[in-house]
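K.L.:
This is target_36.tsv (TSV, C-alpha atoms).
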chain	number	residue	atom	x	y	z
A	1	MET	CA	-35.10	50.89	19.35
A	2	SER	CA	-31.33	51.09	19.64
A	3	GLY	CA	-30.72	48.90	16.59
A	4	LEU	CA	-32.62	51.19	14.22
A	5	GLU	CA	-31.66	54.69	13.17
A	6	MET	CA	-34.67	56.73	14.24
A	7	THR	CA	-34.99	59.36	11.55
A	8	PRO	CA	-37.66	62.05	12.05
A	9	GLU	CA	-39.90	60.17	9.61
A	10	ARG	CA	-39.56	56.90	11.51
A	11	GLN	CA	-40.23	58.65	14.82
A	12	GLN	CA	-43.39	60.09	13.33
A	13	ILE	CA	-44.48	56.59	12.30
A	14	LYS	CA	-43.89	55.27	15.80
A	15	ASN	CA	-45.68	58.18	17.48
A	16	ALA	CA	-48.70	58.05	15.17
A	17	VAL	CA	-49.16	54.28	15.52
A	18	GLU	CA	-48.73	54.47	19.30
A	19	GLU	CA	-51.46	57.10	19.43
A	20	ILE	CA	-53.90	54.66	17.81
A	21	CYS	CA	-52.78	51.64	19.85
A	22	ASN	CA	-53.02	53.50	23.16
A	23	ARG	CA	-56.77	53.88	22.64
A	24	TYR	CA	-57.13	50.09	22.93
A	25	ASP	CA	-56.04	48.99	26.38
A	26	ASP	CA	-55.53	45.60	28.01
A	27	LYS	CA	-59.17	45.44	29.08
A	28	TYR	CA	-60.28	45.79	25.44
A	29	TRP	CA	-57.98	43.02	24.22
A	30	ARG	CA	-58.71	40.77	27.19
A	31	GLU	CA	-62.43	40.89	26.36
A	32	LEU	CA	-61.84	40.10	22.69
A	33	ASP	CA	-59.65	37.18	23.71
A	34	ARG	CA	-62.40	35.92	26.01
A	35	THR	CA	-65.16	36.22	23.42
A	36	HIS	CA	-63.09	35.21	20.36
A	37	THR	CA	-64.03	38.49	18.66
A	38	PHE	CA	-62.01	40.06	15.84
A	39	PRO	CA	-60.75	43.62	16.61
A	40	GLU	CA	-62.80	45.34	13.93
A	41	GLU	CA	-62.57	48.84	15.44
A	42	PHE	CA	-58.82	48.63	15.86
A	43	ARG	CA	-58.23	47.35	12.33
A	44	ALA	CA	-60.53	50.02	10.89
A	45	GLU	CA	-58.50	52.77	12.58
A	46	ILE	CA	-55.24	51.29	11.33
A	47	ALA	CA	-56.66	51.13	7.80
A	48	LYS	CA	-58.03	54.68	8.02
A	49	GLY	CA	-54.54	55.90	8.90
A	50	GLY	CA	-53.18	54.29	5.73
A	51	TRP	CA	-50.89	51.94	7.65
A	52	LEU	CA	-51.94	48.80	5.78
A	53	GLY	CA	-50.21	50.24	2.72
A	54	ILE	CA	-46.99	51.24	4.43
A	55	ALA	CA	-44.87	49.06	2.12
A	56	MET	CA	-47.11	49.37	-0.95
A	57	PRO	CA	-46.21	51.57	-3.97
A	58	GLN	CA	-47.35	55.18	-3.80
A	59	GLU	CA	-48.99	55.05	-7.23
A	60	TYR	CA	-51.55	52.59	-5.85
A	61	GLY	CA	-52.25	54.50	-2.65
A	62	GLY	CA	-49.49	53.14	-0.43
A	63	ALA	CA	-46.74	54.95	1.43
A	64	GLY	CA	-43.96	53.47	-0.71
A	65	LEU	CA	-41.75	52.73	2.31
A	66	GLY	CA	-39.60	49.67	2.97
A	67	ILE	CA	-39.86	46.54	5.06
A	68	THR	CA	-37.81	48.41	7.68
A	69	GLU	CA	-40.62	50.91	8.19
A	70	ALA	CA	-43.22	48.14	8.02
A	71	ALA	CA	-41.32	46.28	10.75
A	72	LEU	CA	-41.24	49.44	12.88
A	73	PHE	CA	-45.01	49.74	12.44
A	74	ILE	CA	-45.61	46.10	13.41
A	75	GLN	CA	-43.21	46.27	16.36
A	76	THR	CA	-45.07	49.30	17.67
A	77	VAL	CA	-48.43	47.54	17.29
A	78	ALA	CA	-47.17	44.35	18.96
A	79	GLY	CA	-45.66	46.34	21.80
A	80	SER	CA	-49.12	47.65	22.70
A	81	ALA	CA	-51.77	45.95	24.82
A	82	GLY	CA	-52.93	43.89	21.83
A	83	THR	CA	-49.53	42.16	21.44
A	84	GLN	CA	-49.74	39.20	19.02
A	85	ALA	CA	-53.46	39.55	18.31
A	86	ALA	CA	-53.10	43.19	17.31
A	87	ALA	CA	-50.15	42.42	15.04
A	88	SER	CA	-51.90	39.43	13.45
A	89	ALA	CA	-55.00	41.50	12.73
A	90	VAL	CA	-53.05	43.76	10.36
A	91	GLN	CA	-49.72	42.25	9.33
A	92	ILE	CA	-51.03	39.77	6.76
A	93	ASN	CA	-52.14	42.74	4.64
A	94	ILE	CA	-48.48	43.77	4.53
A	95	PHE	CA	-46.47	40.60	3.90
A	96	GLY	CA	-49.22	38.47	2.29
A	97	PRO	CA	-49.73	40.59	-0.86
A	98	HIS	CA	-46.05	41.50	-1.19
A	99	PRO	CA	-45.59	39.01	-4.08
A	100	ILE	CA	-48.18	41.08	-5.97
A	101	VAL	CA	-46.11	44.22	-5.37
A	102	VAL	CA	-42.99	42.49	-6.74
A	103	HIS	CA	-44.38	40.20	-9.46
A	104	GLY	CA	-47.87	41.46	-10.31
A	105	THR	CA	-48.72	43.12	-13.59
A	106	ASP	CA	-49.68	46.79	-13.68
A	107	GLU	CA	-53.30	45.76	-14.16
A	108	GLN	CA	-53.17	43.45	-11.13
A	109	LYS	CA	-51.59	46.10	-8.94
A	110	ARG	CA	-54.23	48.67	-9.93
A	111	ARG	CA	-57.01	46.17	-9.25
A	112	MET	CA	-55.70	44.35	-6.20
A	113	LEU	CA	-53.66	46.76	-4.08
A	114	PRO	CA	-55.89	49.82	-3.42
A	115	PRO	CA	-58.70	47.79	-1.74
A	116	LEU	CA	-56.09	46.11	0.48
A	117	ILE	CA	-54.53	49.43	1.41
A	118	ASN	CA	-57.82	51.10	2.33
A	119	GLY	CA	-59.02	48.07	4.28
A	120	GLU	CA	-61.91	47.21	1.97
A	121	HIS	CA	-60.42	43.77	1.24
A	122	ARG	CA	-59.18	41.36	3.88
A	123	CYS	CA	-56.67	38.75	2.74
A	124	ALA	CA	-56.30	35.16	3.97
A	125	PHE	CA	-53.05	33.26	3.40
A	126	GLY	CA	-53.58	29.78	1.94
A	127	VAL	CA	-50.27	27.92	1.90
A	128	THR	CA	-49.96	25.35	4.73
A	129	GLU	CA	-51.66	21.97	4.32
A	130	PRO	CA	-52.40	19.32	6.96
A	131	ASP	CA	-50.33	16.58	5.30
A	132	ALA	CA	-47.47	18.77	4.06
A	133	GLY	CA	-46.84	21.14	6.97
A	134	LEU	CA	-43.55	22.90	6.40
A	135	ASP	CA	-42.73	20.66	3.42
A	136	THR	CA	-44.38	23.06	0.99
A	137	THR	CA	-43.15	21.17	-2.07
A	138	HIS	CA	-45.55	18.35	-1.19
A	139	ILE	CA	-48.76	20.39	-1.14
A	140	LYS	CA	-51.66	18.62	-2.85
A	141	THR	CA	-54.12	21.43	-3.57
A	142	ARG	CA	-54.41	21.22	-7.35
A	143	ALA	CA	-55.31	23.84	-9.95
A	144	VAL	CA	-56.27	22.58	-13.42
A	145	LEU	CA	-56.61	25.00	-16.36
A	146	LYS	CA	-59.87	24.44	-18.24
A	147	ASP	CA	-61.48	26.78	-20.77
A	148	GLY	CA	-59.52	29.80	-19.62
A	149	ARG	CA	-60.08	29.29	-15.88
A	150	TYR	CA	-58.32	27.30	-13.19
A	151	ILE	CA	-60.42	24.81	-11.23
A	152	VAL	CA	-58.99	24.28	-7.75
A	153	ASN	CA	-59.56	21.45	-5.28
A	154	GLY	CA	-57.78	20.77	-2.00
A	155	GLN	CA	-57.45	21.92	1.58
A	156	LYS	CA	-55.40	24.28	3.70
A	157	VAL	CA	-54.90	24.66	7.42
A	158	TRP	CA	-53.93	27.49	9.79
A	159	THR	CA	-55.51	29.96	7.40
A	160	THR	CA	-55.70	33.19	9.36
A	161	THR	CA	-58.79	35.47	9.11
A	162	ALA	CA	-60.64	33.05	6.81
A	163	GLN	CA	-63.82	33.67	8.82
A	164	THR	CA	-64.12	37.15	7.35
A	165	ALA	CA	-61.62	37.26	4.44
A	166	SER	CA	-62.79	38.55	1.07
A	167	LYS	CA	-59.61	37.47	-0.77
A	168	ILE	CA	-57.10	34.66	-0.52
A	169	LEU	CA	-53.46	34.35	-1.59
A	170	LEU	CA	-53.49	30.69	-2.59
A	171	LEU	CA	-50.59	28.40	-3.44
A	172	THR	CA	-51.47	25.37	-5.58
A	173	ARG	CA	-49.86	22.70	-7.69
A	174	THR	CA	-50.42	22.97	-11.43
A	175	THR	CA	-47.90	20.21	-12.13
A	176	SER	CA	-47.57	17.22	-9.83
A	177	TYR	CA	-44.49	16.82	-7.67
A	178	GLU	CA	-43.54	13.67	-9.58
A	179	ASN	CA	-43.69	15.43	-12.96
A	180	SER	CA	-41.79	18.55	-11.91
A	181	LYS	CA	-38.14	18.99	-12.83
A	182	ARG	CA	-37.33	20.30	-9.34
A	183	PRO	CA	-39.36	19.93	-6.12
A	184	THR	CA	-40.00	23.68	-6.04
A	185	ASP	CA	-41.27	23.75	-9.64
A	186	GLY	CA	-44.87	23.22	-10.66
A	187	MET	CA	-46.50	25.42	-8.02
A	188	THR	CA	-48.65	28.39	-8.99
A	189	LEU	CA	-49.78	31.36	-6.91
A	190	PHE	CA	-53.17	33.07	-7.13
A	191	TYR	CA	-54.77	36.08	-5.50
A	192	THR	CA	-58.50	35.68	-5.91
A	193	ASP	CA	-61.95	35.99	-4.39
A	194	PHE	CA	-62.68	33.99	-1.25
A	195	ASP	CA	-65.75	32.28	-2.72
A	196	ARG	CA	-67.62	30.81	0.25
A	197	SER	CA	-69.88	28.76	-2.00
A	198	ARG	CA	-66.72	26.78	-2.93
A	199	ILE	CA	-64.65	27.14	0.24
A	200	LYS	CA	-65.79	25.63	3.53
A	201	VAL	CA	-64.23	27.23	6.62
A	202	THR	CA	-63.86	25.57	10.03
A	203	GLU	CA	-62.33	27.55	12.89
A	204	ILE	CA	-59.58	25.96	15.01
A	205	ASP	CA	-59.97	26.42	18.76
A	206	LYS	CA	-56.46	27.21	19.94
A	207	MET	CA	-54.27	28.18	22.91
A	208	GLY	CA	-53.93	31.91	22.32
A	209	ARG	CA	-54.59	34.80	19.95
A	210	ALA	CA	-58.28	33.97	20.17
A	211	ALA	CA	-59.25	37.42	18.86
A	212	VAL	CA	-57.84	36.51	15.42
A	213	ASP	CA	-59.21	33.31	13.92
A	214	SER	CA	-57.22	30.40	12.51
A	215	ASN	CA	-58.99	27.91	10.28
A	216	SER	CA	-59.05	24.78	8.19
A	217	ILE	CA	-60.45	25.40	4.72
A	218	PHE	CA	-61.75	22.88	2.20
A	219	ILE	CA	-61.82	23.92	-1.46
A	220	GLU	CA	-64.12	22.25	-3.96
A	221	ASP	CA	-64.17	23.27	-7.63
A	222	LEU	CA	-63.13	26.85	-6.95
A	223	SER	CA	-63.02	28.67	-10.31
A	224	ILE	CA	-60.20	31.21	-10.69
A	225	PRO	CA	-59.72	33.41	-13.77
A	226	VAL	CA	-56.30	33.41	-15.40
A	227	GLU	CA	-55.95	37.13	-14.64
A	228	ASP	CA	-55.85	36.28	-10.91
A	229	ARG	CA	-52.66	34.25	-11.33
A	230	VAL	CA	-49.64	36.03	-9.85
A	231	GLY	CA	-46.59	35.53	-12.06
A	232	ARG	CA	-46.09	32.66	-14.46
A	233	GLU	CA	-47.55	29.22	-14.04
A	234	GLY	CA	-45.22	26.87	-12.19
A	235	GLU	CA	-43.16	29.63	-10.53
A	236	GLY	CA	-45.38	30.16	-7.50
A	237	PHE	CA	-42.91	28.95	-4.91
A	238	ARG	CA	-40.18	31.35	-6.02
A	239	ILE	CA	-42.69	34.19	-6.18
A	240	LEU	CA	-44.02	33.34	-2.73
A	241	LEU	CA	-40.53	33.85	-1.27
A	242	ASP	CA	-41.02	37.58	-1.77
A	243	GLY	CA	-43.68	37.30	0.93
A	244	LEU	CA	-41.96	34.77	3.20
A	245	ASN	CA	-38.80	36.72	4.00
A	246	PRO	CA	-40.73	39.90	4.85
A	247	GLU	CA	-43.10	37.72	6.89
A	248	ARG	CA	-40.23	36.43	9.03
A	249	ILE	CA	-38.85	39.94	9.53
A	250	LEU	CA	-42.22	41.36	10.53
A	251	ILE	CA	-42.92	38.48	12.91
A	252	ALA	CA	-39.50	38.96	14.48
A	253	ALA	CA	-40.17	42.67	14.94
A	254	ALA	CA	-43.51	41.84	16.56
A	255	CYS	CA	-41.85	39.37	18.94
A	256	VAL	CA	-39.45	42.04	20.17
A	257	GLY	CA	-42.40	44.35	20.78
A	258	ILE	CA	-44.30	41.68	22.74
A	259	GLY	CA	-41.26	40.77	24.81
A	260	ARG	CA	-40.58	44.39	25.68
A	261	ARG	CA	-44.15	44.93	26.84
A	262	ALA	CA	-44.02	41.83	29.03
A	263	LEU	CA	-40.68	42.95	30.46
A	264	GLU	CA	-42.05	46.41	31.20
A	265	LYS	CA	-45.00	44.89	33.07
A	266	ALA	CA	-42.67	42.58	35.02
A	267	ALA	CA	-40.30	45.38	36.05
A	268	ALA	CA	-43.19	47.60	37.14
A	269	TYR	CA	-44.68	44.81	39.25
A	270	ALA	CA	-41.29	43.97	40.76
A	271	ASN	CA	-40.97	47.56	41.93
A	272	GLU	CA	-44.49	47.70	43.34
A	273	ARG	CA	-44.85	44.29	44.98
A	274	HIS	CA	-43.52	44.11	48.56
A	275	VAL	CA	-42.83	40.84	50.32
A	276	PHE	CA	-40.91	40.48	53.60
A	277	GLY	CA	-40.88	44.24	53.91
A	278	ARG	CA	-39.06	44.99	50.64
A	279	PRO	CA	-39.84	45.23	46.91
A	280	ILE	CA	-39.31	41.88	45.22
A	281	GLY	CA	-37.33	43.71	42.54
A	282	LYS	CA	-34.57	44.14	45.10
A	283	ASN	CA	-33.91	40.41	44.96
A	284	GLN	CA	-31.31	39.29	42.43
A	285	ALA	CA	-33.37	36.18	41.68
A	286	ILE	CA	-35.92	38.59	40.21
A	287	GLN	CA	-33.45	41.09	38.75
A	288	HIS	CA	-31.15	38.76	36.87
A	289	PRO	CA	-33.70	36.92	34.68
A	290	LEU	CA	-35.30	40.23	33.71
A	291	ALA	CA	-31.91	41.75	32.94
A	292	GLU	CA	-31.11	38.71	30.77
A	293	SER	CA	-34.35	39.19	28.87
A	294	TRP	CA	-33.55	42.84	28.23
A	295	MET	CA	-30.23	41.83	26.66
A	296	GLU	CA	-31.78	39.00	24.63
A	297	LEU	CA	-34.46	41.30	23.22
A	298	GLU	CA	-31.95	43.99	22.32
A	299	ALA	CA	-29.75	41.45	20.53
A	300	ALA	CA	-32.72	40.06	18.60
A	301	ASP	CA	-33.74	43.59	17.70
A	302	LEU	CA	-30.36	44.20	16.07
A	303	MET	CA	-30.87	41.15	13.85
A	304	VAL	CA	-34.37	42.37	12.88
A	305	TRP	CA	-33.07	45.66	11.51
A	306	HIS	CA	-30.09	44.02	9.85
A	307	ALA	CA	-32.39	41.59	7.99
A	308	ALA	CA	-34.77	44.40	7.06
A	309	ARG	CA	-31.92	46.53	5.69
A	310	LEU	CA	-30.66	43.63	3.58
A	311	TYR	CA	-34.13	43.05	2.13
A	312	ASP	CA	-34.72	46.73	1.39
A	313	THR	CA	-31.36	47.06	-0.37
A	314	GLY	CA	-31.95	43.98	-2.55
A	315	GLN	CA	-29.34	41.79	-0.87
A	316	PRO	CA	-29.75	38.10	0.08
A	317	CYS	CA	-31.47	38.04	3.44
A	318	GLY	CA	-32.96	34.56	3.91
A	319	ALA	CA	-30.56	33.44	6.63
A	320	TYR	CA	-30.84	36.72	8.50
A	321	ALA	CA	-34.62	36.91	8.23
A	322	ASN	CA	-34.88	33.39	9.65
A	323	ALA	CA	-32.28	34.10	12.33
A	324	ALA	CA	-34.18	37.24	13.35
A	325	LYS	CA	-37.39	35.26	13.66
A	326	TYR	CA	-35.68	32.53	15.71
A	327	LEU	CA	-33.87	34.88	18.10
A	328	ALA	CA	-36.81	37.21	18.59
A	329	ALA	CA	-39.33	34.42	19.16
A	330	GLU	CA	-37.08	32.80	21.77
A	331	ALA	CA	-36.36	36.10	23.51
A	332	SER	CA	-40.05	37.02	23.52
A	333	PHE	CA	-41.11	33.67	24.97
A	334	ARG	CA	-38.51	33.87	27.72
A	335	ALA	CA	-39.50	37.44	28.58
A	336	CYS	CA	-43.19	36.51	28.78
A	337	ASP	CA	-42.44	33.41	30.87
A	338	ARG	CA	-40.37	35.50	33.25
A	339	ALA	CA	-43.08	38.15	33.43
A	340	VAL	CA	-45.61	35.54	34.55
A	341	ARG	CA	-43.23	34.12	37.14
A	342	THR	CA	-42.30	37.58	38.42
A	343	HIS	CA	-45.99	38.14	39.14
A	344	GLY	CA	-46.13	34.85	41.04
A	345	GLY	CA	-49.69	33.65	41.58
A	346	PHE	CA	-51.09	36.84	40.09
A	347	GLY	CA	-49.26	36.05	36.84
A	348	TYR	CA	-51.74	33.20	36.44
A	349	ALA	CA	-54.69	35.58	36.76
A	350	LYS	CA	-56.12	37.03	33.56
A	351	GLU	CA	-56.59	40.49	35.05
A	352	TYR	CA	-52.82	41.02	35.11
A	353	ASN	CA	-52.62	40.28	31.36
A	354	VAL	CA	-49.17	38.70	31.34
A	355	GLU	CA	-50.72	35.23	31.06
A	356	ARG	CA	-52.27	36.36	27.74
A	357	TYR	CA	-48.91	37.65	26.55
A	358	PHE	CA	-47.37	34.31	27.53
A	359	ARG	CA	-49.97	32.26	25.61
A	360	GLU	CA	-49.51	34.40	22.53
A	361	SER	CA	-45.71	34.24	22.73
A	362	MET	CA	-45.84	30.50	22.04
A	363	LEU	CA	-47.16	30.95	18.50
A	364	PRO	CA	-44.07	32.52	16.84
A	365	ARG	CA	-41.88	29.67	18.13
A	366	ILE	CA	-44.00	27.26	16.05
A	367	GLY	CA	-45.15	29.20	13.00
A	368	PRO	CA	-44.85	30.10	10.26
A	369	VAL	CA	-41.66	28.05	10.48
A	370	THR	CA	-40.50	26.08	13.51
A	371	ARG	CA	-37.35	26.89	15.43
A	372	GLU	CA	-35.95	23.45	14.56
A	373	LEU	CA	-36.34	23.90	10.80
A	374	ILE	CA	-34.65	27.30	11.03
A	375	LEU	CA	-31.68	25.61	12.72
A	376	CYS	CA	-31.57	23.03	9.92
A	377	PHE	CA	-31.71	25.78	7.31
A	378	ILE	CA	-28.90	27.78	8.90
A	379	ALA	CA	-26.75	24.66	9.34
A	380	GLU	CA	-27.11	23.82	5.65
A	381	LYS	CA	-27.00	27.26	4.03
A	382	GLN	CA	-24.52	29.05	6.30
A	383	LEU	CA	-22.32	26.25	7.60
A	384	GLY	CA	-22.30	23.95	4.57
A	385	LEU	CA	-23.60	20.94	6.48
A	386	PRO	CA	-25.57	18.18	4.71
A	387	LYS	CA	-29.26	18.82	4.21
A	388	SER	CA	-31.16	17.04	6.95
A	389	TYR	CA	-34.74	17.31	5.76
Once you've parsed the file, please lay out its structure as structure tokens.
P.N.:
Amino acid sequence: MSGLEMTPERQQIKNAVEEICNRYDDKYWRELDRTHTFPEEFRAEIAKGGWLGIAMPQEYGGAGLGITEAALFIQTVAGSAGTQAAASAVQINIFGPHPIVVHGTDEQKRRMLPPLINGEHRCAFGVTEPDAGLDTTHIKTRAVLKDGRYIVNGQKVWTTTAQTASKILLLTRTTSYENSKRPTDGMTLFYTDFDRSRIKVTEIDKMGRAAVDSNSIFIEDLSIPVEDRVGREGEGFRILLDGLNPERILIAAACVGIGRRALEKAAAYANERHVFGRPIGKNQAIQHPLAESWMELEAADLMVWHAARLYDTGQPCGAYANAAKYLAAEASFRACDRAVRTHGGFGYAKEYNVERYFRESMLPRIGPVTRELILCFIAEKQLGLPKSY
């Protein structure tokens, strides 16, 4: 935690969250991963502690803290036995509704935020589409205003927690791409009921994080009242950015937590495991990769807190939020890979848990934005190179 000033308040956050997380050990998470079961008990305890509202306004039941404190919370969760699954079970309630916090009306905040904070409502995030991917401007899910309500048709993919979600933050097109002045115009954001009579959900069987579902959803004639629109019609993409930058910061913080846990497991095993009459940790071929990972994680951690500080102080942070996500995801993956290889054959065995960490460390390198697109973004925005996508 060297990159973050640990005030007494922040230390209390870390200690309190660790106390909850420590009640859910590797055996608990390994079983949920095996059975594809959502961590209901864990999430309920997190909600009971008020942590889902850590970055929500106090007048609606939240703690009124910043993305810095939210990132500390998520990093602590991800550094526990639950790693990516534990973080994914709770973090969407923090970054997903953030556009409501920034752009919602007083009526919307009073209606929408308290049930999210107390855990009554579970939010799915409906942005990515199978044919658009990261090219959000080309989404096809369409919302048409008719008699005071929007009628929505389309599909989304990689929609987390859609199996049990009661609400969805949904990005649509209200004006076609061709008829919009700019590619980012014409999109509208909603936060509305997850109406299962109009939304078909199909779970995606995937490599890791099996305890938290990912899904394809198909929307047919979903009726949304105008009062569920967040911000003005056609400005959804700009509004959504107030969730995307915090999302990248929180994911980066989680990656550092995961990498540190894997590194801790690897170092402990290297001290305990004896081959040829000596601990394997005495061999520089074991020491050096782990030492590299420690440095990589610490460097990524510095970028996390820098990006969080910029966001919390209202400064431009897009490049730094993306850089934090890139650096932390790479450092986490390398740490988890090295943890598996430090364990040798036992690293391949589920009972040692590092194989689960490794599988889950792959996800942040791909989503919500790929490492390659981050490099393109930085090249264009920070170095002035021609746009390549």
K.L.:
Considering all atoms listed in the file, tabulate each residue of region 356-381 of chain A that lies at most 10 Å from region 205-214 of chain A along with its nearest interatomic pair and the corresponding distance in Å to one decimal; arrange the rows by chain and ascending residue number and present them as a tab-separated table.
P.N.:
residue	atom	partner	partner_atom	distance
A:Arg356	CA	A:Gly208	CA	7.2
A:Tyr357	CA	A:Gly208	CA	8.7
A:Phe358	CA	A:Gly208	CA	8.7
A:Arg359	CA	A:Gly208	CA	5.2
A:Glu360	CA	A:Gly208	CA	5.1
A:Ser361	CA	A:Gly208	CA	8.6
A:Met362	CA	A:Gly208	CA	8.2
A:Leu363	CA	A:Gly208	CA	7.8
K.L.:
Please, could you write that set of residues out with C-alpha atoms as a PDB file, in the frame of the given file?
P.N.:
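Written file, result13.pdb:
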ATOM      1  CA  ARG A 356     -52.270  36.360  27.740  1.00  0.00           C
ATOM      2  CA  TYR A 357     -48.910  37.650  26.550  1.00  0.00           C
ATOM      3  CA  PHE A 358     -47.370  34.310  27.530  1.00  0.00           C
ATOM      4  CA  ARG A 359     -49.970  32.260  25.610  1.00  0.00           C
ATOM      5  CA  GLU A 360     -49.510  34.400  22.530  1.00  0.00           C
ATOM      6  CA  SER A 361     -45.710  34.240  22.730  1.00  0.00           C
ATOM      7  CA  MET A 362     -45.840  30.500  22.040  1.00  0.00           C
ATOM      8  CA  LEU A 363     -47.160  30.950  18.500  1.00  0.00           C
TER       9      LEU A 363
END
K.L.:
Could you name the residues that touch Met303 (chain A) at 12 Å or less, counting only C-alpha atoms, but leaving out those on the same chain fewer than 4 positions away, as a JSON list (two decimals) with C-alpha atoms, in the coordinates of the input?
P.N.:
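Output (result.json):
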[["chain", "number", "residue", "atom", "x", "y", "z"],
["A", 1, "MET", "CA", -35.10, 50.89, 19.35],
["A", 2, "SER", "CA", -31.33, 51.09, 19.64],
["A", 3, "GLY", "CA", -30.72, 48.90, 16.59],
["A", 4, "LEU", "CA", -32.62, 51.19, 14.22],
["A", 68, "THR", "CA", -37.81, 48.41, 7.68],
["A", 248, "ARG", "CA", -40.23, 36.43, 9.03],
["A", 249, "ILE", "CA", -38.85, 39.94, 9.53],
["A", 250, "LEU", "CA", -42.22, 41.36, 10.53],
["A", 252, "ALA", "CA", -39.50, 38.96, 14.48],
["A", 253, "ALA", "CA", -40.17, 42.67, 14.94],
["A", 256, "VAL", "CA", -39.45, 42.04, 20.17],
["A", 296, "GLU", "CA", -31.78, 39.00, 24.63],
["A", 297, "LEU", "CA", -34.46, 41.30, 23.22],
["A", 298, "GLU", "CA", -31.95, 43.99, 22.32],
["A", 299, "ALA", "CA", -29.75, 41.45, 20.53],
["A", 307, "ALA", "CA", -32.39, 41.59, 7.99],
["A", 308, "ALA", "CA", -34.77, 44.40, 7.06],
["A", 309, "ARG", "CA", -31.92, 46.53, 5.69],
["A", 310, "LEU", "CA", -30.66, 43.63, 3.58],
["A", 317, "CYS", "CA", -31.47, 38.04, 3.44],
["A", 319, "ALA", "CA", -30.56, 33.44, 6.63],
["A", 320, "TYR", "CA", -30.84, 36.72, 8.50],
["A", 321, "ALA", "CA", -34.62, 36.91, 8.23],
["A", 322, "ASN", "CA", -34.88, 33.39, 9.65],
["A", 323, "ALA", "CA", -32.28, 34.10, 12.33],
["A", 324, "ALA", "CA", -34.18, 37.24, 13.35],
["A", 325, "LYS", "CA", -37.39, 35.26, 13.66],
["A", 326, "TYR", "CA", -35.68, 32.53, 15.71],
["A", 327, "LEU", "CA", -33.87, 34.88, 18.10],
["A", 328, "ALA", "CA", -36.81, 37.21, 18.59]]
K.L.:
So what do you get for CA of Ala349 (chain A) versus CA of Arg273 (chain A), distance-wise?
P.N.:
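About the pair CA of Ala349 (chain A) and CA of Arg273 (chain A): they are 15.5 Å apart.
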K.L.:
Please, what distance in Å, to one decimal, runs between CA of Tyr60 (chain A) and CA of Val101 (chain A)?
P.N.:
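Interatomic distance here is 10.0 Å.
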K.L.:
Between CA of Leu72 (chain A) and CA of Lys350 (chain A), measure the distance and give it in Å to one decimal.
P.N.:
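We find that CA of Leu72 (chain A) and CA of Lys350 (chain A) lie 28.3 Å from each other.
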K.L.:
Given 5 Å on each side, where is the centre and what are the edge lengths in Å to one decimal of the axis-aligned box enclosing the listed atoms of region 175-179 of chain A, as AutoDock Vina command-line options?
P.N.:
--center_x -45.7 --center_y 16.9 --center_z -10.3 --size_x 14.4 --size_y 16.5 --size_z 15.3
K.L.:
Of the candidates A:Asn22, A:Thr184, A:Ser197, A:Thr342, which shows the shortest atom-to-atom distance to Ala267 (chain A), using all atoms listed in the file?
P.N.:
A:Thr342
K.L.:
Counting only C-alpha atoms, which of A:Lys156, A:Arg30, A:Lys109, A:Arg142 gets nearest to Thr128 (chain A)?
P.N.:
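Going through A:Lys156, A:Arg30, A:Lys109, A:Arg142 one by one, the smallest distance to Thr128 (chain A) is for A:Lys156.
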K.L.:
Could you name the residues that touch region 96-100 of chain A at 7 Å or less, counting all atoms listed in the file, but leaving out those on the same chain fewer than 2 positions away, as number ranges by chain?
P.N.:
A: 92-94, 102-104, 109, 125, 230, 239-240, 242-243
K.L.:
Could you dump the residues just selected with C-alpha atoms as a PDB file, in the frame of the given file?
P.N.:
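Result file follows (out.pdb):
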ATOM      1  CA  ILE A  92     -51.030  39.770   6.760  1.00  0.00           C
ATOM      2  CA  ASN A  93     -52.140  42.740   4.640  1.00  0.00           C
ATOM      3  CA  ILE A  94     -48.480  43.770   4.530  1.00  0.00           C
ATOM      4  CA  VAL A 102     -42.990  42.490  -6.740  1.00  0.00           C
ATOM      5  CA  HIS A 103     -44.380  40.200  -9.460  1.00  0.00           C
ATOM      6  CA  GLY A 104     -47.870  41.460 -10.310  1.00  0.00           C
ATOM      7  CA  LYS A 109     -51.590  46.100  -8.940  1.00  0.00           C
ATOM      8  CA  PHE A 125     -53.050  33.260   3.400  1.00  0.00           C
ATOM      9  CA  VAL A 230     -49.640  36.030  -9.850  1.00  0.00           C
ATOM     10  CA  ILE A 239     -42.690  34.190  -6.180  1.00  0.00           C
ATOM     11  CA  LEU A 240     -44.020  33.340  -2.730  1.00  0.00           C
ATOM     12  CA  ASP A 242     -41.020  37.580  -1.770  1.00  0.00           C
ATOM     13  CA  GLY A 243     -43.680  37.300   0.930  1.00  0.00           C
TER      14      GLY A 243
END
K.L.:
Any idea what's packed within 7 Å of region 217-227 of chain A, counting all atoms listed in the file, ignoring anything in its chain fewer than 4 positions away? Could you give it as a compact mmCIF listing (two decimals) with C-alpha atoms, keeping the file's coordinate frame?
P.N.:
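In the end it all went to result-v4.txt:
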# COMPACT_ATOMS: atom_id res chain seq x y z
CA GLY A 148 -59.52 29.80 -19.62
CA ARG A 149 -60.08 29.29 -15.88
CA TYR A 150 -58.32 27.30 -13.19
CA ILE A 151 -60.42 24.81 -11.23
CA VAL A 152 -58.99 24.28 -7.75
CA ASN A 153 -59.56 21.45 -5.28
CA GLY A 154 -57.78 20.77 -2.00
CA GLN A 155 -57.45 21.92 1.58
CA LYS A 156 -55.40 24.28 3.70
CA VAL A 157 -54.90 24.66 7.42
CA THR A 192 -58.50 35.68 -5.91
CA ARG A 198 -66.72 26.78 -2.93
CA ILE A 199 -64.65 27.14 0.24
CA LYS A 200 -65.79 25.63 3.53
CA VAL A 201 -64.23 27.23 6.62
CA THR A 202 -63.86 25.57 10.03
